[in-house]
>>> print(open('work.txt').read())   # compact mmCIF, C-alpha atoms
# COMPACT_ATOMS: atom_id res chain seq x y z
CA MET A 425 92.66 196.03 114.43
CA SER A 426 93.45 197.21 110.92
CA THR A 427 93.37 195.01 107.85
CA SER A 428 97.08 195.28 107.26
CA LEU A 429 97.81 194.16 110.82
CA LEU A 430 95.54 191.15 110.32
CA PHE A 431 97.34 190.26 107.10
CA SER A 432 100.71 190.68 108.80
CA LEU A 433 99.70 188.35 111.63
CA CYS A 434 98.48 185.80 109.08
CA GLY A 435 101.83 186.13 107.35
CA ILE A 436 103.65 185.36 110.60
CA ALA A 437 101.36 182.36 111.21
CA LEU A 438 102.03 181.02 107.70
CA PHE A 439 105.78 181.49 108.18
CA LEU A 440 105.77 179.59 111.48
CA LEU A 441 103.56 176.77 110.16
CA GLY A 442 105.89 176.37 107.20
CA LEU A 443 108.94 176.45 109.45
CA TYR A 444 107.49 173.75 111.69
CA VAL A 445 106.79 171.40 108.78
CA ALA A 446 110.13 172.16 107.12
CA LEU A 447 111.98 171.23 110.30
CA THR A 448 110.00 168.11 111.18
CA THR A 449 109.24 166.36 107.91
CA SER A 450 111.64 164.13 106.06
CA ALA A 451 109.71 164.01 102.78
CA MET A 452 111.45 166.22 100.24
CA LEU A 453 108.31 167.36 98.45
CA ARG A 454 106.64 168.29 101.71
CA ARG A 455 109.70 170.24 102.80
CA ILE A 456 109.80 172.18 99.51
CA LEU A 457 106.12 173.03 99.89
CA ALA A 458 106.70 174.08 103.51
CA ILE A 459 109.54 176.39 102.52
CA ASN A 460 107.26 177.89 99.87
CA ILE A 461 104.61 178.53 102.50
CA MET A 462 107.24 180.20 104.70
CA GLY A 463 108.18 182.43 101.80
CA ASN A 464 104.57 183.30 101.11
CA GLY A 465 104.13 184.30 104.73
CA VAL A 466 107.05 186.72 104.39
CA PHE A 467 105.61 188.13 101.15
CA MET A 468 102.25 188.63 102.83
CA LEU A 469 103.89 190.48 105.71
CA PHE A 470 105.79 192.68 103.26
CA ILE A 471 102.77 193.54 101.13
CA ALA A 472 100.64 194.23 104.19
CA SER A 473 103.32 196.53 105.60
CA ALA A 474 103.43 198.42 102.31
CA TYR A 475 99.89 199.73 102.87
CA GLN A 476 99.81 202.69 105.16
CA ARG A 477 97.39 205.48 105.83
CA GLY A 478 98.67 208.93 105.07
CA GLU A 479 97.92 211.97 107.17
CA ASP A 480 94.66 212.61 105.31
CA GLY A 481 93.42 209.04 105.77
CA VAL A 482 94.09 207.99 102.18
CA LEU A 483 95.70 204.59 101.65
CA ILE A 484 99.13 204.99 100.12
CA THR A 485 101.27 202.10 98.96
CA ASP A 486 104.99 201.94 99.33
CA PRO A 487 106.49 200.77 96.00
CA VAL A 488 109.73 199.47 97.52
CA PRO A 489 108.23 196.43 99.32
CA HIS A 490 106.13 195.72 96.22
CA ALA A 491 109.21 195.63 94.02
CA LEU A 492 111.07 193.49 96.56
CA VAL A 493 108.16 191.03 96.72
CA LEU A 494 108.01 190.87 92.91
CA THR A 495 111.70 189.98 92.85
CA GLY A 496 111.18 187.58 95.74
CA ILE A 497 108.35 185.73 93.99
CA VAL A 498 110.51 185.14 90.94
CA VAL A 499 113.39 183.92 93.07
CA ALA A 500 111.06 181.66 95.08
CA VAL A 501 109.58 180.15 91.92
CA SER A 502 113.05 179.61 90.48
CA ALA A 503 114.35 178.01 93.65
CA THR A 504 111.28 175.75 93.80
CA ALA A 505 111.78 174.69 90.19
CA LEU A 506 115.43 173.92 90.88
CA ALA A 507 114.60 171.97 94.03
CA LEU A 508 111.90 169.96 92.26
CA THR A 509 114.26 169.17 89.38
CA LEU A 510 116.90 167.97 91.82
CA VAL A 511 114.35 165.88 93.74
CA CYS A 512 113.17 164.26 90.48
CA ARG A 513 116.76 163.45 89.55
CA LEU A 514 117.43 162.07 93.03
CA HIS A 515 114.32 159.92 92.79
CA GLU A 516 115.39 158.57 89.40
CA LEU A 517 118.88 157.79 90.65
CA SER A 518 117.68 156.08 93.83
CA SER A 519 115.04 154.02 92.01
CA ALA A 520 117.67 153.03 89.43
CA SER A 521 120.07 151.90 92.16
CA HIS A 522 117.28 149.93 93.90
CA GLU A 523 116.40 148.11 90.71
CA GLY A 524 120.06 147.48 89.99
CA PRO A 525 121.87 147.95 86.69
CA GLU A 526 120.20 146.33 83.72
CA MET B 861 110.12 155.47 100.86
CA ASN B 862 106.54 156.65 100.58
CA ALA B 863 104.77 159.63 102.05
CA THR B 864 104.07 157.54 105.16
CA ASP B 865 107.44 158.35 106.71
CA ALA B 866 106.60 162.04 106.59
CA ASN B 867 106.97 162.64 110.28
CA SER B 868 109.82 160.32 111.06
CA ALA B 869 112.58 162.92 111.14
CA VAL B 870 111.96 164.18 114.68
CA PRO B 871 110.66 162.25 117.73
CA PRO B 872 107.32 163.39 119.23
CA LEU B 873 108.97 165.11 122.24
CA GLY B 874 111.19 167.15 119.94
CA ARG B 875 108.23 168.05 117.81
CA SER B 876 106.17 169.32 120.72
CA LEU B 877 109.13 171.32 122.06
CA LEU B 878 109.60 172.80 118.60
CA ALA B 879 105.90 173.66 118.40
CA ILE B 880 106.05 175.44 121.76
CA ALA B 881 109.17 177.34 120.72
CA LEU B 882 107.54 178.39 117.44
CA VAL B 883 104.39 179.57 119.22
CA GLY B 884 106.66 181.62 121.48
CA ILE B 885 108.43 183.13 118.47
CA GLY B 886 105.03 183.84 116.92
CA LEU B 887 103.86 185.67 120.04
CA VAL B 888 107.04 187.77 120.15
CA LEU B 889 106.73 188.63 116.45
CA GLY B 890 103.05 189.46 116.80
CA TRP B 891 103.75 191.67 119.81
CA ALA B 892 106.53 193.47 117.94
CA LEU B 893 104.22 193.97 114.97
CA TRP B 894 101.43 195.31 117.18
CA HIS B 895 103.76 197.96 118.57
CA GLN B 896 105.16 198.81 115.14
CA ALA B 897 101.73 199.04 113.55
CA ASN B 898 101.48 202.81 113.51
CA ALA B 899 105.15 203.59 113.04
CA GLN B 900 105.72 205.47 109.79
CA ALA B 901 108.63 203.71 108.14
CA SER B 902 107.79 204.29 104.52
CA LEU B 903 109.99 205.00 101.53
CA THR B 904 107.03 206.25 99.48
CA ALA B 905 107.99 209.90 99.83
CA THR B 906 111.59 209.23 98.77
CA VAL B 907 110.49 207.22 95.73
CA MET B 908 107.93 209.83 94.71
CA THR B 909 110.52 212.63 94.98
CA GLU B 910 113.00 210.74 92.83
CA LEU B 911 110.44 209.39 90.34
CA PRO B 912 110.88 212.23 87.78
CA ASN B 913 114.58 211.34 87.57
CA SER B 914 113.98 207.64 86.94
CA GLY B 915 112.77 207.77 83.32
CA VAL B 916 109.52 205.89 84.00
CA THR B 917 106.26 206.87 85.68
CA ASN B 918 105.33 203.58 87.35
CA PRO B 919 106.94 203.67 90.82
CA VAL B 920 107.30 199.87 91.03
CA THR B 921 109.12 199.74 87.69
CA ALA B 922 111.28 202.66 88.81
CA VAL B 923 112.29 200.74 91.92
CA LEU B 924 112.85 197.49 90.01
CA LEU B 925 114.84 198.85 87.08
CA ASN B 926 116.46 201.97 88.42
CA PHE B 927 116.66 202.43 92.19
CA ARG B 928 117.13 198.75 93.01
CA ALA B 929 118.42 197.51 89.65
CA PHE B 930 121.01 195.38 91.40
CA ASP B 931 118.27 193.15 92.86
CA THR B 932 116.69 192.67 89.46
CA MET B 933 120.03 191.75 87.94
CA LEU B 934 120.58 189.12 90.61
CA GLU B 935 117.03 187.86 90.05
CA LEU B 936 117.91 187.26 86.42
CA ALA B 937 121.13 185.56 87.51
CA VAL B 938 119.12 183.19 89.74
CA LEU B 939 116.84 182.37 86.80
CA LEU B 940 119.90 181.76 84.63
CA LEU B 941 121.31 179.39 87.24
CA VAL B 942 118.02 177.45 87.34
CA ALA B 943 117.79 177.25 83.54
CA VAL B 944 121.37 176.02 83.20
CA THR B 945 121.04 173.44 85.99
CA ALA B 946 117.70 172.14 84.76
CA GLY B 947 119.04 172.01 81.23
CA MET B 948 122.06 170.00 82.34
CA LEU B 949 119.96 167.55 84.37
CA GLY B 950 117.51 167.16 81.49
CA GLU B 951 120.37 166.49 79.11
CA ARG B 952 121.71 163.71 81.35
CA ARG B 953 118.26 162.21 81.67
CA THR B 954 117.26 162.19 78.03
CA ALA B 955 120.65 161.04 76.77
CA PRO B 956 120.15 157.27 77.32
CA ALA B 957 116.44 157.40 76.50
CA GLY B 958 117.02 156.36 72.90
CA GLU B 959 115.95 158.04 69.72
CA ARG B 960 112.25 158.33 69.47
CA PRO B 961 110.73 160.74 66.96
CA ALA B 962 108.22 163.16 68.43
CA GLU B 963 105.99 162.84 65.36
CA THR B 964 104.42 159.66 66.73
CA VAL B 965 102.31 161.80 69.04
CA SER B 966 99.08 162.54 67.26
CA VAL B 967 98.23 166.21 67.40
CA SER B 968 94.71 167.39 66.88
CA PRO B 969 94.27 169.89 64.03
CA LEU B 970 92.34 172.09 66.41
CA LEU B 971 95.41 172.42 68.63
CA LEU B 972 97.58 173.23 65.63
CA SER B 973 95.28 175.99 64.40
CA LEU B 974 94.93 177.31 67.95
CA THR B 975 98.69 177.54 68.23
CA ARG B 976 98.96 179.18 64.83
CA ASP B 977 96.36 181.80 65.70
CA LEU B 978 97.37 182.41 69.30
CA THR B 979 101.13 182.72 68.92
CA PRO B 980 101.07 186.13 67.15
CA VAL B 981 98.55 187.41 69.70
CA MET B 982 100.77 186.24 72.55
CA ILE B 983 103.81 187.92 71.04
CA LEU B 984 101.77 191.10 70.69
CA VAL B 985 100.51 190.89 74.30
CA SER B 986 104.07 190.31 75.46
CA ALA B 987 105.30 193.40 73.61
CA TYR B 988 102.40 195.41 75.04
CA LEU B 989 103.18 194.29 78.59
CA LEU B 990 106.81 195.23 78.08
CA TRP B 991 105.89 198.67 76.74
CA VAL B 992 103.21 199.45 79.33
CA GLY B 993 105.54 198.52 82.20
CA ALA B 994 106.90 202.08 82.16
CA LYS B 995 103.52 203.55 83.11
CA GLU B 996 101.23 200.84 84.50
CA PRO B 997 101.69 197.41 86.10
CA GLY B 998 103.51 195.17 83.68
CA GLY B 999 107.12 194.76 82.73
CA ALA B 1000 109.85 192.40 81.69
CA PHE B 1001 108.91 189.37 83.75
CA GLN B 1002 105.24 189.39 82.81
CA ALA B 1003 106.12 189.88 79.16
CA GLY B 1004 108.70 187.10 79.29
CA ALA B 1005 106.23 184.74 80.94
CA VAL B 1006 103.63 185.33 78.20
CA LEU B 1007 106.29 184.79 75.53
CA ALA B 1008 107.46 181.58 77.20
CA SER B 1009 103.86 180.34 77.38
CA ALA B 1010 103.65 180.76 73.60
CA GLY B 1011 106.65 178.44 73.43
CA VAL B 1012 104.98 175.96 75.79
CA LEU B 1013 101.88 175.95 73.59
CA ALA B 1014 104.06 175.28 70.55
CA HIS B 1015 105.77 172.46 72.43
CA PHE B 1016 102.45 170.79 73.26
CA SER B 1017 101.25 171.04 69.70
CA GLY B 1018 104.31 169.11 68.56
CA ARG B 1019 106.13 171.98 66.91
CA SER B 1020 108.72 172.78 69.54
CA TRP B 1021 110.91 175.79 69.33
CA ARG B 1022 114.59 175.16 69.65
CA SER B 1023 115.39 174.57 73.32
CA ASP B 1024 118.79 172.91 73.38
CA HIS B 1025 120.85 174.97 75.81
CA ARG B 1026 124.06 173.82 74.13
CA ASP B 1027 123.05 175.75 71.03
CA THR B 1028 125.13 178.94 70.79
CA SER B 1029 122.21 181.21 69.91
CA ILE B 1030 120.16 179.83 72.82
CA ARG B 1031 123.14 180.41 75.09
CA MET B 1032 123.42 183.98 73.88
CA LEU B 1033 119.74 184.54 74.65
CA LEU B 1034 120.11 182.92 78.08
CA VAL B 1035 122.81 185.34 79.20
CA LEU B 1036 121.34 188.34 77.35
CA GLY B 1037 119.30 189.63 80.30
CA THR B 1038 122.02 189.38 82.94
CA GLY B 1039 124.57 190.57 80.40
CA ALA B 1040 122.54 193.65 79.50
CA PHE B 1041 122.32 194.58 83.16
CA LEU B 1042 126.05 194.05 83.70
CA ILE B 1043 127.04 195.99 80.59
CA SER B 1044 124.73 198.84 81.49
CA ALA B 1045 126.13 198.91 85.02
CA LEU B 1046 129.69 199.08 83.72
CA ALA B 1047 128.77 201.63 81.02
CA MET B 1048 127.10 203.80 83.65
CA LEU B 1049 130.26 203.57 85.72
CA GLY B 1050 132.05 205.22 82.80
CA VAL B 1051 129.35 207.79 82.03
CA THR B 1052 128.14 208.93 85.46
CA GLY B 1053 130.72 207.43 87.78
CA THR B 1054 128.28 205.17 89.67
CA TYR B 1055 126.85 201.73 88.98
CA PHE B 1056 123.22 201.72 87.78
CA ASP B 1057 123.06 205.53 87.91
CA TYR B 1058 121.42 206.38 84.61
CA PRO B 1059 121.61 209.93 83.21
CA VAL B 1060 118.15 211.44 83.53
CA ALA B 1061 117.67 212.26 79.84
CA TRP B 1062 118.51 208.71 78.74
CA ALA B 1063 116.98 206.74 81.59
CA GLY B 1064 113.66 205.93 79.88
CA ILE B 1065 115.13 204.53 76.67
CA TRP B 1066 117.88 202.80 78.61
CA ILE B 1067 115.38 201.03 80.88
CA LEU B 1068 113.31 200.00 77.85
CA ALA B 1069 116.39 198.50 76.20
CA ILE B 1070 117.33 196.54 79.33
CA GLU B 1071 113.75 195.37 79.76
CA THR B 1072 113.60 194.17 76.15
CA ALA B 1073 116.77 192.16 76.64
CA ALA B 1074 115.44 190.84 79.95
CA THR B 1075 112.11 189.84 78.38
CA LEU B 1076 113.76 187.77 75.65
CA SER B 1077 116.13 186.24 78.15
CA ILE B 1078 113.38 185.41 80.69
CA ALA B 1079 111.25 183.80 77.99
CA VAL B 1080 114.15 181.64 76.81
CA MET B 1081 115.16 180.72 80.36
CA LEU B 1082 111.62 179.69 81.29
CA TYR B 1083 111.19 177.74 78.07
CA VAL B 1084 114.53 175.93 78.40
CA THR B 1085 113.66 174.99 81.98
CA PHE B 1086 110.24 173.77 80.88
CA CYS B 1087 111.64 171.62 78.08
CA ALA B 1088 114.32 170.21 80.37
CA VAL B 1089 111.82 168.99 82.94
CA MET B 1090 109.26 167.70 80.44
CA PRO B 1091 109.21 163.92 80.19
CA GLY B 1092 111.47 162.94 77.34
CA GLY B 1093 109.43 160.65 75.12
CA ASP B 1094 109.33 157.20 76.73
CA ARG B 1095 108.53 158.34 80.25
CA PRO B 1096 104.91 158.49 81.43
>>> encode(input="work.txt", output="structure tokens")
Amino acid sequence: MSTSLLFSLCGIALFLLGLYVALTTSAMLRRILAINIMGNGVFMLFIASAYQRGEDGVLITDPVPHALVLTGIVVAVSATALALTLVCRLHELSSASHEGPE
Amino acid sequence: MNATDANSAVPPLGRSLLAIALVGIGLVLGWALWHQANAQASLTATVMTELPNSGVTNPVTAVLLNFRAFDTMLELAVLLLVAVTAGMLGERRTAPAGERPAETVSVSPLLLSLTRDLTPVMILVSAYLLWVGAKEPGGAFQAGAVLASAGVLAHFSGRSWRSDHRDTSIRMLLVLGTGAFLISALAMLGVTGTYFDYPVAWAGIWILAIETAATLSIAVMLYVTFCAVMPGGDRP
């Protein structure tokens, strides 16, 4: 079993664990974290698949998955920031409505 | 509504069925991967053949800024969306918080001198990362992140940069990155007849110009987002 295959399998495991939690939990923060873990599993799979042995046994890296993962990380971080901002706002609004208008 | 209701969304039977289904999916994916493991589906050769035409020598930068420039433009658009949304939510939140001057926070002189000494270094590092992105790992996002962290440091030492997203100059900087990509795409449509198809002789300088715009824009977007989510004075 090669290293990249091991990393790919770990990526799949991370994706499925994240998917399970994202589907079963009702806590917003937990769901955001789970979706992040799903995304990280996909990134791991991508990066692992970028490493391949050439004909002469030298490791060559495919730049296209690397660039896609770089873009993906930025998008994942942005989406997480947006989700966390919205959750904070939701929390403020719901705690304000529980306390009642002052 | 604490963390104790974490598992209340799905009944136990549903959860165990879901777990079984996911293990099944995992086995199928793992099996597929095992059989694909020695398939050669690589774009390395294509990228390496086209690299001399891209204007840069780092293959990842070539993919990001030239071959797949559309993705990078949309990445900047996503960041812009986040910055604008966070800015709007922050504006709503801090509006009723009352006027409280930030000067009441005592700032240690050590922090002030650290900020004063580190900020030029950070700007320099950011420019270096931007420049080296053409040859080595580095590039617009790394440079923008370092620049934004200089802003964060300034914010913590009580001398915030301007971060109000309603300010016209801040707005210009926010859309600068996406705008540079769009304008270059449309300009290239006129020059070469295809979106994002840079003429070979100009590609290097063109990519550097776009990356500079993207760096400034990324730094401002990150900093605006940071300031919008920071507690506004009276909150713990």
>>> closest_atom_pairs(input="work.txt", of="chain A", to="chain B", cutoff="7 Å", atoms="only C-alpha atoms", output="CSV")
residue,atom,partner,partner_atom,distance
A:Leu429,CA,B:Ala897,CA,6.8
A:Leu433,CA,B:Gly890,CA,6.3
A:Ile436,CA,B:Gly886,CA,6.6
A:Ala437,CA,B:Gly886,CA,6.9
A:Leu440,CA,B:Leu882,CA,6.3
A:Tyr444,CA,B:Ala879,CA,6.9
A:Thr448,CA,B:Val870,CA,5.6
A:Thr449,CA,B:Asn867,CA,5.0
A:Ser450,CA,B:Ala869,CA,5.3
A:Ala451,CA,B:Ala866,CA,5.3
A:Asp486,CA,B:Thr904,CA,4.8
A:Pro487,CA,B:Val920,CA,5.1
A:Val488,CA,B:Val923,CA,6.3
A:His490,CA,B:Val920,CA,6.7
A:Ala491,CA,B:Val920,CA,5.5
A:Thr495,CA,B:Glu935,CA,6.4
A:Val499,CA,B:Glu935,CA,6.2
A:Ser502,CA,B:Leu939,CA,6.0
A:Leu506,CA,B:Val942,CA,5.6
A:Thr509,CA,B:Ala946,CA,6.5
>>> write_last_selection(input="work.txt", atoms="C-alpha atoms", output="PDB file, in the frame of the given file")
ATOM      1  CA  LEU A 429      97.810 194.160 110.820  1.00  0.00           C
ATOM      2  CA  LEU A 433      99.700 188.350 111.630  1.00  0.00           C
ATOM      3  CA  ILE A 436     103.650 185.360 110.600  1.00  0.00           C
ATOM      4  CA  ALA A 437     101.360 182.360 111.210  1.00  0.00           C
ATOM      5  CA  LEU A 440     105.770 179.590 111.480  1.00  0.00           C
ATOM      6  CA  TYR A 444     107.490 173.750 111.690  1.00  0.00           C
ATOM      7  CA  THR A 448     110.000 168.110 111.180  1.00  0.00           C
ATOM      8  CA  THR A 449     109.240 166.360 107.910  1.00  0.00           C
ATOM      9  CA  SER A 450     111.640 164.130 106.060  1.00  0.00           C
ATOM     10  CA  ALA A 451     109.710 164.010 102.780  1.00  0.00           C
ATOM     11  CA  ASP A 486     104.990 201.940  99.330  1.00  0.00           C
ATOM     12  CA  PRO A 487     106.490 200.770  96.000  1.00  0.00           C
ATOM     13  CA  VAL A 488     109.730 199.470  97.520  1.00  0.00           C
ATOM     14  CA  HIS A 490     106.130 195.720  96.220  1.00  0.00           C
ATOM     15  CA  ALA A 491     109.210 195.630  94.020  1.00  0.00           C
ATOM     16  CA  THR A 495     111.700 189.980  92.850  1.00  0.00           C
ATOM     17  CA  VAL A 499     113.390 183.920  93.070  1.00  0.00           C
ATOM     18  CA  SER A 502     113.050 179.610  90.480  1.00  0.00           C
ATOM     19  CA  LEU A 506     115.430 173.920  90.880  1.00  0.00           C
ATOM     20  CA  THR A 509     114.260 169.170  89.380  1.00  0.00           C
TER      21      THR A 509
END
>>> closest_residue(input="work.txt", among="A:Met468, A:Leu443, A:Ala474, A:Cys434", to="Ile456 (chain A)", atoms="all atoms listed in the file")
A:Leu443
>>> atom_distance(input="work.txt", atom1="CA of Asn926 (chain B)", atom2="CA of Asn913 (chain B)")
9.6 Å
>>> closest_residue(input="work.txt", among="B:Leu974, B:Ala994, B:Val1080, B:Leu984", to="Trp1021 (chain B)", atoms="only C-alpha atoms")
B:Val1080
>>> atom_distance(input="work.txt", atom1="CA of Leu453 (chain A)", atom2="CA of Leu510 (chain A)")
10.9 Å
>>> atom_distance(input="work.txt", atom1="CA of Ala1005 (chain B)", atom2="CA of Arg1019 (chain B)")
19.0 Å
>>> closest_residue(input="work.txt", among="B:Leu873, B:Leu1036, B:Ile983, B:Val916", to="Ile1078 (chain B)", atoms="only C-alpha atoms")
B:Leu1036
>>> closest_residue(input="work.txt", among="B:Thr1038, B:Ala892, B:Val1084, B:Ile880", to="Arg1026 (chain B)", atoms="only C-alpha atoms")
B:Val1084
>>> closest_residue(input="work.txt", among="A:Leu517, A:Ala503, A:Leu430, A:Val493", to="Val466 (chain A)", atoms="only C-alpha atoms")
A:Val493
>>> closest_residue(input="work.txt", among="B:Val888, B:Ala1014, B:Val992, B:Ala1000", to="Val967 (chain B)", atoms="only C-alpha atoms")
B:Ala1014
>>> residues_around(input="work.txt", residues="Leu989 (chain B)", least_positions_apart="2", cutoff="9 Å", atoms="all atoms listed in the file", output="list in words")
Leu984, Val985, Ser986, Ala987, Trp991, Val992, Gly993, Pro997, Gly998, Gly999, Ala1000, Gln1002, Ala1003 and Val1006 of chain B
